[in-house]
file model36.txt (compact mmCIF, C-alpha atoms and all ligand atoms)
# COMPACT_ATOMS: atom_id res chain seq x y z
CA MET B 1204 7.06 9.01 -20.89
CA ARG B 1205 9.51 6.56 -19.31
CA TRP B 1206 8.79 4.94 -15.93
CA LEU B 1207 11.00 3.03 -13.50
CA VAL B 1208 9.28 0.76 -10.97
CA VAL B 1209 11.50 -0.12 -8.00
CA GLY B 1210 10.36 -3.25 -6.15
CA SER B 1211 8.78 -4.51 -9.36
CA ALA B 1212 8.63 -8.17 -8.30
CA GLY B 1213 6.41 -7.39 -5.29
CA MET B 1214 2.62 -7.50 -5.04
CA LEU B 1215 2.08 -3.86 -6.06
CA GLY B 1216 5.14 -3.56 -8.30
CA THR B 1217 4.06 -6.47 -10.52
CA ASP B 1218 0.65 -4.93 -11.19
CA LEU B 1219 2.13 -1.46 -11.61
CA LEU B 1220 4.42 -2.67 -14.40
CA ASP B 1221 1.44 -4.13 -16.21
CA VAL B 1222 -0.86 -1.15 -15.67
CA VAL B 1223 1.76 1.44 -16.74
CA ALA B 1224 2.50 -0.59 -19.89
CA GLY B 1225 -1.25 -0.77 -20.52
CA TYR B 1226 -1.35 3.04 -20.67
CA GLY B 1227 1.25 2.84 -23.46
CA TYR B 1228 4.23 4.16 -21.49
CA ASP B 1229 7.77 2.72 -21.54
CA VAL B 1230 8.37 1.00 -18.23
CA VAL B 1231 11.31 -0.80 -16.67
CA GLY B 1232 11.20 -2.71 -13.40
CA VAL B 1233 13.99 -3.43 -10.95
CA ASP B 1234 13.95 -5.51 -7.81
CA ARG B 1235 16.47 -6.98 -5.43
CA ASP B 1236 17.99 -9.16 -8.20
CA GLU B 1237 19.08 -6.09 -10.17
CA THR B 1238 19.64 -3.48 -7.47
CA ASP B 1239 19.89 -2.83 -3.76
CA ILE B 1240 18.26 0.49 -2.95
CA THR B 1241 19.90 0.63 0.49
CA VAL B 1242 23.32 1.11 -1.13
CA PRO B 1243 24.26 4.61 -2.36
CA GLY B 1244 24.19 4.56 -6.14
CA GLY B 1245 22.41 1.19 -6.02
CA LEU B 1246 19.99 2.18 -8.77
CA GLY B 1247 22.96 2.69 -11.10
CA ASP B 1248 22.00 3.70 -14.64
CA TYR B 1249 18.42 2.48 -14.36
CA VAL B 1250 17.17 5.93 -13.40
CA ASP B 1251 18.83 7.73 -16.35
CA GLY B 1252 16.28 9.11 -18.80
CA CYS B 1253 13.31 8.30 -16.55
CA ASP B 1254 10.47 10.74 -16.10
CA VAL B 1255 8.82 8.91 -13.20
CA VAL B 1256 10.35 6.67 -10.51
CA VAL B 1257 7.92 4.74 -8.30
CA ASN B 1258 9.31 3.16 -5.15
CA CYS B 1259 7.32 0.05 -4.19
CA ALA B 1260 10.27 -1.64 -2.41
CA ALA B 1261 9.76 -1.88 1.32
CA TRP B 1262 10.13 -3.94 4.47
CA THR B 1263 6.47 -4.95 4.86
CA ALA B 1264 6.75 -7.56 7.63
CA VAL B 1265 4.97 -5.48 10.26
CA ASP B 1266 5.53 -7.80 13.23
CA ASP B 1267 9.17 -8.63 12.38
CA ALA B 1268 9.94 -4.91 12.25
CA GLU B 1269 9.35 -4.70 16.02
CA THR B 1270 12.52 -6.73 16.63
CA SER B 1271 14.41 -5.59 13.49
CA GLU B 1272 13.63 -1.89 13.39
CA ALA B 1273 17.15 -0.91 12.29
CA GLN B 1274 16.97 -3.20 9.24
CA ALA B 1275 13.44 -2.02 8.45
CA PHE B 1276 14.63 1.59 8.73
CA THR B 1277 17.51 0.90 6.35
CA LEU B 1278 15.06 -0.18 3.65
CA ASN B 1279 12.00 1.96 4.39
CA ALA B 1280 13.74 5.23 5.23
CA THR B 1281 17.37 5.19 4.02
CA GLY B 1282 16.46 3.20 0.89
CA ALA B 1283 13.54 5.49 0.07
CA GLY B 1284 15.81 8.51 0.57
CA LEU B 1285 18.44 7.10 -1.78
CA VAL B 1286 15.80 6.45 -4.46
CA ALA B 1287 14.60 10.03 -3.97
CA LEU B 1288 18.15 11.38 -4.37
CA ALA B 1289 18.65 9.42 -7.58
CA ALA B 1290 15.25 10.44 -8.95
CA GLY B 1291 15.89 14.09 -8.11
CA ALA B 1292 19.33 14.03 -9.73
CA ALA B 1293 17.82 12.52 -12.89
CA GLY B 1294 15.09 15.18 -12.99
CA ALA B 1295 12.35 12.56 -12.52
CA ARG B 1296 9.17 12.71 -10.45
CA MET B 1297 9.27 10.33 -7.52
CA VAL B 1298 6.25 8.42 -6.26
CA GLN B 1299 6.76 6.98 -2.79
CA ILE B 1300 4.24 4.38 -1.61
CA SER B 1301 3.46 4.77 2.07
CA THR B 1302 0.98 3.45 4.59
CA ASP B 1303 -1.87 4.07 7.03
CA TYR B 1304 0.52 2.88 9.78
CA VAL B 1305 2.03 6.39 9.91
CA PHE B 1306 -1.14 7.38 11.84
CA ASP B 1307 -2.05 6.34 15.39
CA GLY B 1308 -5.18 4.42 14.40
CA ASN B 1309 -7.28 6.02 17.15
CA ALA B 1310 -9.31 8.42 15.01
CA THR B 1311 -13.07 8.25 14.54
CA SER B 1312 -13.25 10.09 11.22
CA PRO B 1313 -11.07 9.67 8.10
CA TYR B 1314 -7.46 10.82 8.45
CA PRO B 1315 -6.67 13.91 6.35
CA GLU B 1316 -3.51 13.89 4.24
CA ASP B 1317 -1.97 16.60 6.43
CA GLY B 1318 -2.95 15.02 9.75
CA PRO B 1319 -0.13 14.49 12.26
CA MET B 1320 1.90 11.31 11.83
CA LEU B 1321 1.95 9.44 15.14
CA PRO B 1322 3.04 5.89 14.30
CA ARG B 1323 2.64 3.30 17.06
CA SER B 1324 4.71 0.54 15.46
CA ALA B 1325 8.29 0.15 14.26
CA TYR B 1326 7.02 -0.38 10.70
CA GLY B 1327 5.00 2.84 10.91
CA ARG B 1328 7.98 4.81 12.27
CA THR B 1329 10.25 3.62 9.46
CA LYS B 1330 7.66 4.40 6.78
CA ALA B 1331 7.04 7.86 8.27
CA ALA B 1332 10.80 8.48 8.17
CA GLY B 1333 10.76 7.36 4.52
CA GLU B 1334 8.09 9.94 3.73
CA TRP B 1335 10.20 12.72 5.26
CA ALA B 1336 13.32 11.54 3.44
CA VAL B 1337 11.51 11.65 0.10
CA ARG B 1338 10.05 15.10 0.81
CA ALA B 1339 13.50 16.40 1.71
CA LEU B 1340 15.47 14.82 -1.12
CA CYS B 1341 13.18 14.96 -4.16
CA PRO B 1342 11.12 18.15 -4.30
CA ASP B 1343 9.01 16.77 -7.17
CA HIS B 1344 7.47 13.94 -5.17
CA LEU B 1345 4.09 12.30 -4.71
CA VAL B 1346 3.72 10.43 -1.41
CA VAL B 1347 0.81 8.02 -1.90
CA ARG B 1348 -0.41 6.30 1.28
CA THR B 1349 -2.32 3.08 0.92
CA ALA B 1350 -3.70 0.39 3.27
CA TRP B 1351 -5.11 -3.13 3.44
CA LEU B 1352 -3.58 -3.98 0.04
CA TYR B 1353 -4.48 -7.20 -1.73
CA GLY B 1354 -3.48 -8.47 -5.14
CA ALA B 1355 -2.85 -11.45 -7.36
CA HIS B 1356 0.94 -11.38 -7.01
CA GLY B 1357 1.65 -11.74 -3.31
CA LYS B 1358 0.49 -13.11 0.01
CA CYS B 1359 -2.57 -11.17 1.13
CA PHE B 1360 -5.61 -11.35 3.41
CA PRO B 1361 -8.17 -12.65 0.87
CA LYS B 1362 -5.96 -15.54 -0.25
CA THR B 1363 -5.17 -16.49 3.36
CA ILE B 1364 -8.84 -16.33 4.41
CA ALA B 1365 -10.12 -18.27 1.39
CA ALA B 1366 -7.53 -21.01 1.92
CA ALA B 1367 -8.18 -21.21 5.68
CA GLY B 1368 -11.95 -21.23 5.16
CA ALA B 1369 -11.72 -24.12 2.71
CA LEU B 1370 -9.35 -26.05 4.99
CA ARG B 1371 -10.86 -25.47 8.41
CA GLY B 1372 -14.53 -24.72 7.75
CA ALA B 1373 -14.66 -22.15 10.59
CA LEU B 1374 -12.73 -18.93 11.13
CA GLN B 1375 -12.44 -16.20 13.74
CA VAL B 1376 -11.61 -12.74 12.40
CA VAL B 1377 -11.38 -9.45 14.28
CA ASP B 1378 -14.34 -7.10 14.09
CA ASP B 1379 -12.81 -4.15 15.96
CA GLN B 1380 -10.33 -2.97 13.30
CA VAL B 1381 -11.77 -1.12 10.32
CA GLY B 1382 -10.13 -0.03 7.10
CA GLN B 1383 -10.32 0.19 3.33
CA PRO B 1384 -9.43 -3.00 1.41
CA THR B 1385 -7.56 -1.83 -1.68
CA TRP B 1386 -6.71 -3.77 -4.86
CA THR B 1387 -3.15 -3.33 -6.15
CA ARG B 1388 -4.43 -2.80 -9.72
CA ASP B 1389 -6.65 0.05 -8.54
CA LEU B 1390 -3.74 1.66 -6.70
CA ALA B 1391 -1.49 1.24 -9.75
CA ASP B 1392 -4.15 2.88 -11.91
CA LEU B 1393 -4.47 5.77 -9.44
CA VAL B 1394 -0.69 6.35 -9.51
CA VAL B 1395 -0.77 6.64 -13.32
CA ARG B 1396 -3.80 8.95 -13.19
CA LEU B 1397 -2.04 11.18 -10.63
CA VAL B 1398 1.04 11.48 -12.84
CA ASP B 1399 -1.07 12.02 -15.97
CA ALA B 1400 -2.95 14.80 -14.16
CA GLN B 1401 0.38 16.46 -13.30
CA ALA B 1402 -0.68 16.40 -9.65
CA PRO B 1403 1.11 19.00 -7.55
CA ALA B 1404 3.89 17.60 -5.35
CA GLY B 1405 2.45 16.49 -2.04
CA THR B 1406 0.70 13.72 -0.13
CA TYR B 1407 -2.29 11.74 -1.42
CA HIS B 1408 -4.33 8.82 -0.09
CA GLY B 1409 -4.60 5.80 -2.40
CA THR B 1410 -7.27 3.64 -0.77
CA SER B 1411 -10.75 2.48 -1.70
CA CYS B 1412 -13.75 4.46 -0.45
CA GLY B 1413 -16.02 3.34 2.38
CA HIS B 1414 -14.77 1.10 5.16
CA VAL B 1415 -15.32 -2.33 6.69
CA SER B 1416 -13.89 -4.48 9.49
CA TRP B 1417 -11.58 -7.42 8.77
CA TRP B 1418 -14.53 -9.64 9.79
CA GLY B 1419 -16.84 -7.96 7.27
CA PHE B 1420 -14.22 -8.23 4.54
CA ALA B 1421 -13.56 -11.89 5.40
CA ARG B 1422 -17.26 -12.67 4.95
CA GLU B 1423 -17.16 -11.16 1.45
CA VAL B 1424 -14.00 -13.09 0.64
CA VAL B 1425 -15.48 -16.38 1.82
CA ALA B 1426 -18.65 -15.74 -0.20
CA ALA B 1427 -16.56 -15.02 -3.31
CA ALA B 1428 -14.75 -18.31 -2.72
CA GLY B 1429 -18.10 -20.15 -2.82
CA LEU B 1430 -18.25 -20.81 0.94
CA ASP B 1431 -20.87 -19.86 3.52
CA PRO B 1432 -20.09 -16.44 5.08
CA ALA B 1433 -21.54 -17.73 8.35
CA ILE B 1434 -18.34 -19.75 8.90
CA VAL B 1435 -16.60 -16.45 9.77
CA GLU B 1436 -17.09 -15.55 13.44
CA ALA B 1437 -16.28 -12.13 14.85
CA SER B 1438 -13.50 -11.86 17.43
CA ALA B 1439 -11.69 -9.05 19.28
CA THR B 1440 -8.12 -7.81 18.78
CA ASP B 1441 -7.34 -8.43 22.47
CA ALA B 1442 -7.91 -12.16 21.93
CA SER B 1443 -4.91 -12.49 19.60
CA ALA B 1444 -1.87 -10.55 20.81
CA ARG B 1445 0.64 -9.75 18.05
CA PRO B 1446 4.06 -8.10 18.34
CA ALA B 1447 3.05 -4.89 16.52
CA PRO B 1448 -0.03 -2.92 17.57
CA ARG B 1449 -2.74 -2.88 14.90
CA PRO B 1450 -4.59 0.38 14.16
CA ALA B 1451 -8.26 0.17 15.20
CA TYR B 1452 -9.21 2.81 12.63
CA SER B 1453 -7.38 2.86 9.29
CA VAL B 1454 -9.69 5.01 7.20
CA LEU B 1455 -7.99 7.59 5.00
CA GLY B 1456 -9.72 10.65 3.54
CA HIS B 1457 -9.40 11.59 -0.12
CA HIS B 1458 -9.67 15.39 -0.05
CA ALA B 1459 -6.32 15.99 -1.76
CA LEU B 1460 -7.42 13.88 -4.76
CA GLN B 1461 -10.79 15.61 -4.91
CA ARG B 1462 -9.14 19.05 -4.76
CA ILE B 1463 -7.18 18.34 -7.95
CA GLY B 1464 -10.04 16.58 -9.74
CA VAL B 1465 -8.58 13.05 -9.62
CA GLU B 1466 -11.26 10.44 -8.91
CA PRO B 1467 -10.49 8.33 -5.82
CA ILE B 1468 -10.61 4.54 -6.08
CA GLY B 1469 -14.23 3.32 -5.86
CA ASP B 1470 -16.12 1.70 -3.01
CA TRP B 1471 -14.20 -1.21 -1.46
CA ALA B 1472 -17.07 -3.72 -1.85
CA GLN B 1473 -17.59 -2.98 -5.55
CA ARG B 1474 -13.86 -3.09 -6.20
CA TRP B 1475 -13.58 -6.43 -4.37
CA LYS B 1476 -16.31 -7.85 -6.65
CA ALA B 1477 -14.25 -6.75 -9.66
CA ALA B 1478 -11.01 -8.14 -8.21
CA ALA B 1479 -12.07 -11.37 -6.50
CA GLY B 1480 -11.77 -13.69 -9.49
CA GLN B 1481 -8.25 -12.58 -10.44
CA VAL B 1482 -7.01 -12.49 -6.85
CA LEU B 1483 -8.44 -15.80 -5.62
CA GLU B 1484 -7.57 -17.71 -8.79
CA SER B 1485 -3.92 -16.59 -8.77
N1 LIG L 1501 0.84 -4.97 1.64
C1 LIG L 1501 0.06 -4.09 2.29
O1 LIG L 1501 -1.01 -4.43 2.85
C2 LIG L 1501 0.46 -2.64 2.34
C3 LIG L 1501 -0.33 -1.75 3.07
C4 LIG L 1501 0.02 -0.40 3.12
C5 LIG L 1501 1.14 0.05 2.43
N2 LIG L 1501 1.91 -0.84 1.74
C6 LIG L 1501 3.08 -0.33 1.04
O2 LIG L 1501 2.93 -0.62 -0.34
C7 LIG L 1501 4.19 -0.82 -0.95
C8 LIG L 1501 4.20 -2.10 -1.76
O3 LIG L 1501 3.91 -3.19 -0.86
P1 LIG L 1501 3.89 -4.69 -1.38
O4 LIG L 1501 2.91 -5.41 -0.50
O5 LIG L 1501 3.75 -4.75 -2.88
O6 LIG L 1501 5.37 -5.14 -0.96
P2 LIG L 1501 6.15 -6.49 -1.36
O7 LIG L 1501 5.25 -7.44 -2.07
O8 LIG L 1501 6.86 -6.94 -0.12
O9 LIG L 1501 7.21 -5.97 -2.44
C9 LIG L 1501 8.36 -5.27 -2.08
C10 LIG L 1501 9.45 -5.63 -3.08
O10 LIG L 1501 10.63 -4.87 -2.77
C11 LIG L 1501 11.75 -5.75 -2.89
N3 LIG L 1501 12.90 -5.31 -2.11
C12 LIG L 1501 13.15 -5.54 -0.80
N4 LIG L 1501 14.32 -5.03 -0.44
C13 LIG L 1501 14.85 -4.45 -1.55
C14 LIG L 1501 16.07 -3.76 -1.82
N5 LIG L 1501 16.98 -3.54 -0.85
N6 LIG L 1501 16.29 -3.28 -3.06
C15 LIG L 1501 15.38 -3.50 -4.05
N7 LIG L 1501 14.21 -4.15 -3.85
C16 LIG L 1501 13.95 -4.62 -2.62
C17 LIG L 1501 11.21 -7.06 -2.34
O11 LIG L 1501 12.05 -8.13 -2.67
P3 LIG L 1501 12.11 -9.41 -1.65
O12 LIG L 1501 10.76 -10.05 -1.74
O13 LIG L 1501 13.22 -10.21 -2.21
O14 LIG L 1501 12.39 -8.86 -0.29
C18 LIG L 1501 9.83 -7.11 -3.02
O15 LIG L 1501 9.89 -7.66 -4.31
C19 LIG L 1501 5.21 -0.74 0.19
O16 LIG L 1501 5.75 0.56 0.24
C20 LIG L 1501 4.39 -0.99 1.44
O17 LIG L 1501 4.96 -0.36 2.59
C21 LIG L 1501 1.59 -2.16 1.67
call {"tool": "encode", "arguments": {"input": "model36.txt", "output": "structure tokens", "more": "lines below"}}
Ligand SMILES: NC(=O)c1ccc[n+]([C@@H]2O[C@H](COP(=O)([O-])OP(=O)(O)OC[C@H]3O[C@@H](n4cnc5c(N)ncnc54)[C@H](OP(=O)(O)O)[C@@H]3O)[C@@H](O)[C@H]2O)c1
result
Amino acid sequence: MRWLVVGSAGMLGTDLLDVVAGYGYDVVGVDRDETDITVPGGLGDYVDGCDVVVNCAAWTAVDDAETSEAQAFTLNATGAGLVALAAGAAGARMVQISTDYVFDGNATSPYPEDGPMLPRSAYGRTKAAGEWAVRALCPDHLVVRTAWLYGAHGKCFPKTIAAAGALRGALQVVDDQVGQPTWTRDLADLVVRLVDAQAPAGTYHGTSCGHVSWWGFAREVVAAAGLDPAIVEASATDASARPAPRPAYSVLGHHALQRIGVEPIGDWAQRWKAAAGQVLES
């Protein structure tokens, strides 16, 4: 089986290349140096002969998207649609990586895969539009929503917190936003397992199980970095206004995976223990 990873130099794309190769599949990666997915035909010949195309390329600067929504839309919606068109024309399956930000963040129980998309931010609107574009343009698609991603190959919350904790000795982190910290290697592995299982086209949630607040996660990060968790104080979202609204509740349910017999990613705390060394030492 031949795979194409689009956005292969990013945090998820880098791990996906490695994980797919580890399963013994042929895999090629392309990023902005080789292609521009916002240009029709931008993928060129790369897609020819591929069985699976995974789109990890995205505008991920959530706050900047509030003032640059048109540019974010071009990448997250138009770009995703063009990848879907190319994948469909080549007869490949398309995996589109999406986000918890397509939901409103006001729920009190895990969001189901078929729950209504009510994004409250520009980033969320553009990613929701990307989902619809992929559904419309590549019938054989898997939309995989993830959240709170961290990994060895990009800027992420654990690296920022560990560095700030070591530098400043005291931190304030919000305690009123909860979610599911998810390791890029675990998400990459889930994508391969979904494809291997010949998952029916549709929408799946690729996050760890359980949930925690950013404050609770920061305490685990600081402990893994050899610092005292007590240096992390709890604060409230209202105390630090940011351009894009943050979802208070970013917990995604995993019923679609369970229905097809694909094991969801494990509990976030156990997975963090497995990941911490690789992520913090990178
Ligand atoms: N990070 C998170 O916490 C998080 C949470 C939920 C969902 N997600 C989703 O997960 C996916 C992967 O995120 P990530 O954190 O791995 O993103 P990332 O590190 O920002 O990687 C995205 C990659 O896409 C490339 N790219 C940008 N524009 C492109 C273009 N026009 N053509 C080709 N490549 C282009 C980027 O290159 P440049 O660096 O040169 O721009 C970058 O290498 C995204 O779909 C994101 O929306 C992420």
call {"tool": "residues_near_point", "arguments": {"input": "model36.txt", "point": "(13.4, -2.8, -11.6)", "cutoff": "9 Å", "atoms": "only C-alpha atoms", "output": "list of chain:residue names"}}
result
B:Leu1207, B:Val1208, B:Val1209, B:Gly1210, B:Ser1211, B:Ala1212, B:Gly1216, B:Val1231, B:Gly1232, B:Val1233, B:Asp1234, B:Arg1235, B:Asp1236, B:Glu1237, B:Thr1238, B:Leu1246, B:Tyr1249
call {"tool": "closest_atom_pairs", "arguments": {"input": "model36.txt", "of": "region 1246-1316 of chain B", "to": "region 1389-1409 of chain B", "cutoff": "12 Å", "atoms": "all atoms listed in the file", "output": "CSV"}}
result
residue,atom,partner,partner_atom,distance
B:Asp1254,CA,B:Val1398,CA,10.0
B:Val1255,CA,B:Val1398,CA,8.2
B:Val1256,CA,B:Val1398,CA,10.7
B:Val1257,CA,B:Val1394,CA,8.8
B:Asn1258,CA,B:Val1394,CA,11.4
B:Cys1259,CA,B:Ala1391,CA,10.5
B:Ala1295,CA,B:Val1398,CA,11.4
B:Arg1296,CA,B:Val1398,CA,8.6
B:Met1297,CA,B:Ala1404,CA,9.3
B:Val1298,CA,B:Val1394,CA,7.9
B:Gln1299,CA,B:Thr1406,CA,9.4
B:Ile1300,CA,B:Gly1409,CA,9.0
B:Ser1301,CA,B:His1408,CA,9.0
B:Thr1302,CA,B:His1408,CA,8.9
B:Asp1303,CA,B:His1408,CA,8.9
B:Pro1313,CA,B:His1408,CA,10.6
B:Tyr1314,CA,B:His1408,CA,9.3
B:Pro1315,CA,B:His1408,CA,8.5
B:Glu1316,CA,B:Thr1406,CA,6.1
call {"tool": "write_last_selection", "arguments": {"input": "model36.txt", "atoms": "C-alpha atoms", "output": "compact mmCIF listing (two decimals), in the coordinates of the input"}}
result
# COMPACT_ATOMS: atom_id res chain seq x y z
CA ASP B 1254 10.47 10.74 -16.10
CA VAL B 1255 8.82 8.91 -13.20
CA VAL B 1256 10.35 6.67 -10.51
CA VAL B 1257 7.92 4.74 -8.30
CA ASN B 1258 9.31 3.16 -5.15
CA CYS B 1259 7.32 0.05 -4.19
CA ALA B 1295 12.35 12.56 -12.52
CA ARG B 1296 9.17 12.71 -10.45
CA MET B 1297 9.27 10.33 -7.52
CA VAL B 1298 6.25 8.42 -6.26
CA GLN B 1299 6.76 6.98 -2.79
CA ILE B 1300 4.24 4.38 -1.61
CA SER B 1301 3.46 4.77 2.07
CA THR B 1302 0.98 3.45 4.59
CA ASP B 1303 -1.87 4.07 7.03
CA PRO B 1313 -11.07 9.67 8.10
CA TYR B 1314 -7.46 10.82 8.45
CA PRO B 1315 -6.67 13.91 6.35
CA GLU B 1316 -3.51 13.89 4.24
call {"tool": "closest_residue", "arguments": {"input": "model36.txt", "among": "B:Lys1358, B:Arg1328, B:Arg1474, B:His1457", "to": "ligand LIG 1501 (chain L)", "atoms": "all atoms listed in the file"}}
result
B:Lys1358
call {"tool": "residues_around", "arguments": {"input": "model36.txt", "residues": "region 1267-1283 of chain B", "least_positions_apart": "3", "cutoff": "9 Å", "atoms": "all atoms listed in the file", "output": "PyMOL selection string"}}
result
chain B and resi 1239-1243+1258+1260-1264+1286-1288+1299+1324-1326+1328-1337+1446-1447
call {"tool": "atom_distance", "arguments": {"input": "model36.txt", "atom1": "atom O17 of ligand LIG 1501 (chain L)", "atom2": "CA of Ala1339 (chain B)"}}
result
18.8 Å
